[in-house]
Each structure stands twice: as C-alpha cells, then as structure tokens.
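What follows is a single structure, written as structure tokens, with notes after it.
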Amino acid sequence: MTDDLFSGPSADLEAVLEARDARAERRKRITDKWPRPLISLSIVMPGPVKDCAASRYLRQAALDVLMPALGRKGWPADIGEVHHGITGPDAIISVAAPPTELKLATVAIEDTHPLGRLWDLDVIDLRMEAVSRRSLGLPARRCLVCSQPAHACARSRAHPLEELLTAIRTVIEAYRGADV
C-alpha cells in the first residue's frame, strides 16, 4: 500500500444512489442464479473518496477472512461478484445458510476481527430484505472514534473526516504493521 491510502476520485450523492440501485440489481441477478441468502460486503469509508487503496485492501482482507469462515461453518458459498467503481469496492457472496445464523456469524466477524469494524457485512434474505442487528436484538455498531452508536455520530457529523480517516489508518496499520 502507498502512503496515499485515501486518494481517489470523489463520488457525489448521485453516484452513490445509482450504485445502490445497481447493487440491488446485481443482488437480484445473483439470487436468481443461486437462490440462497447473500452477504453484501462493502467497506466503511467516510467522505467523498470511496475507491482508494485502503478500501480495496479492506475488501480483499474481508474476502480472505469471510470465505474460509463460511467454509468452517460448512456453508457452501460462491462469490457472485466482486466489483469496484467510483463508489467503492464491494462483493456479493451467495451462501447456503439460514439468514439469521448467517447474520449472527457476520456480526461475530465484524465485532471480533481487527479489521471487522471497517467491513459492512449485510445479510440479504431471499425476499431481498436485509437481516438487521436490531431484528436479532443485537447492539448497534459503535463509532470508529468514540463509543457512541455509529449511526448517531454519522448523522450528526460528530467527528471531522480527518479524524475518521486517521482512525481507519490506525486500524489498518495495527493489523498490517507500520509498512502501510
């Protein structure tokens, strides 16, 4: 990785909304091919730059952790698509597992892996609906900087972008070592 972990093209709101719609179409196409629940993997990357060295590294690290973890559970899994664009890298994985159990497993990875806080592992059931932490009675994710719920800090813009990116850099450097 280079010293410039976070440089890349800026994604505006229109691009982000278009990407969300395109991701929903890709999910449907993959579910048509493999009628089973999905993990929709994206990267927590605040600010306008979503596609950068850090986000691509984090997506690959997530796949390197996630696929063997699913195998250890005995759940057949197929990577339906690995994608990147101006709105950031993502992947969609089809998994033969009950959606609730799959969500519990992804939450455990997000909550225990050193990079897990930087991964967003959404579980989508066959009705194309997300299985939420809340629906399972699990606590909300915590902010990258403080211990408050992440959605509250994001909504209120409690932390400057530079502080958030520094927190992300710190997590990556701690995981990889100082060679980042």
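Residues in the structure tokens are named by chain (A, B, ... in the order shown) and by number from 1 within that chain; ligands are numbered from 1 in the order shown.
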
Enumerate, in order of chain and increasing residue number, the residues of range 10-107 of chain A with an atom no farther than 9 Å from range 155-172 of chain A, each with its shortest atom pair and distance in Å to one decimal, counting only C-alpha atoms, as CSV.
```
residue,atom,partner,partner_atom,distance
A:Val44,CA,A:Ile168,CA,9.0
A:Met45,CA,A:Leu165,CA,8.1
A:Pro46,CA,A:Leu161,CA,6.9
A:Gly47,CA,A:Leu161,CA,6.4
A:Ala54,CA,A:Ile172,CA,8.2
A:Leu58,CA,A:Ile172,CA,8.4
```

> Near range 119-123 of chain A, within 6 Å and counting only C-alpha atoms, which residues show up once chain neighbours fewer than 2 positions away are dropped, as a list in words?
Replying inline: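 Returned residues: Leu38, Ile39, Ser40, Leu41, Ser42, Ile43, Val44, Lys103, Gly116, Arg117, Ala130 and Val131 of chain A.
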
> Hey, can you check how far CA of Pro114 in chain A sits from CA of Val65 in chain A?
Replying inline: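 Interatomic distance here is 11.0 Å.
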
>> Env of Asp51 in chain A: 7 Å cut, atoms = only C-alpha atoms, seq-sep filter 6 positions within chain, self excluded. Answer as an NGL selection string.
In response: :A and (8-9 or 85-89)

Could you dump the residues just selected with N, CA and C atoms as a PDB file, in the first residue's frame?
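Listed below is the output, result-v4.pdb:
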```pdb
ATOM      1  N   GLY A   8      -8.228   9.175  -4.349  1.00  0.00           N
ATOM      2  CA  GLY A   8      -9.021   8.579  -5.408  1.00  0.00           C
ATOM      3  C   GLY A   8     -10.071   9.556  -5.860  1.00  0.00           C
ATOM      4  N   PRO A   9     -10.903   9.132  -6.790  1.00  0.00           N
ATOM      5  CA  PRO A   9     -11.953  10.028  -7.296  1.00  0.00           C
ATOM      6  C   PRO A   9     -13.048  10.235  -6.261  1.00  0.00           C
ATOM      7  N   GLY A  85     -15.795   0.545  -8.269  1.00  0.00           N
ATOM      8  CA  GLY A  85     -16.091   1.708  -9.078  1.00  0.00           C
ATOM      9  C   GLY A  85     -15.895   2.934  -8.212  1.00  0.00           C
ATOM     10  N   ILE A  86     -16.311   4.062  -8.708  1.00  0.00           N
ATOM     11  CA  ILE A  86     -16.097   5.329  -8.013  1.00  0.00           C
ATOM     12  C   ILE A  86     -16.723   5.339  -6.612  1.00  0.00           C
ATOM     13  N   THR A  87     -17.764   4.520  -6.410  1.00  0.00           N
ATOM     14  CA  THR A  87     -18.426   4.489  -5.103  1.00  0.00           C
ATOM     15  C   THR A  87     -17.838   3.431  -4.171  1.00  0.00           C
ATOM     16  N   GLY A  88     -16.732   2.839  -4.566  1.00  0.00           N
ATOM     17  CA  GLY A  88     -16.012   1.923  -3.690  1.00  0.00           C
ATOM     18  C   GLY A  88     -16.146   0.470  -4.079  1.00  0.00           C
ATOM     19  N   PRO A  89     -15.240  -0.331  -3.551  1.00  0.00           N
ATOM     20  CA  PRO A  89     -15.268  -1.763  -3.837  1.00  0.00           C
ATOM     21  C   PRO A  89     -16.327  -2.473  -3.009  1.00  0.00           C
TER      22      PRO A  89
END
```

>> Show me, as a ChimeraX atom specification, the residues that have an atom within 12 Å of Gly137 in chain A when counting only C-alpha atoms, minus same-chain residues fewer than 2 positions from it.
In response: /A:100,103-104,107,131-135,139-140

>> Please return, as a ChimeraX atom specification, all residues of range 81-142 of chain A that DSSP assigns to strand (DSSP E or B) on the basis of the backbone.
In response: /A:81-83,90-95,119-124,130-131,142

>> To test your reading of the structure, identify every residue in chain A that backbone DSSP assigns to alpha helix (DSSP H), and report it as a PyMOL selection string.
In response: chain A and resi 13-33+53-72+99-112+150-156+161-176

> Using only C-alpha atoms, which residues sit within 9 Å of Asp78 in chain A once same-chain residues fewer than 4 positions away are excluded, as a PyMOL selection string?
Replying inline: chain A and resi 34+67+92-95

C-alpha atoms of the current selection, written as a tab-separated table (two decimals), in the first residue's frame:
```
chain	number	residue	atom	x	y	z
A	34	TRP	CA	-28.20	-19.22	-6.66
A	67	MET	CA	-14.73	-17.28	2.70
A	92	ILE	CA	-21.72	-10.18	-3.18
A	93	ILE	CA	-21.49	-13.72	-1.85
A	94	SER	CA	-24.22	-16.34	-2.10
A	95	VAL	CA	-24.34	-18.60	0.97
```
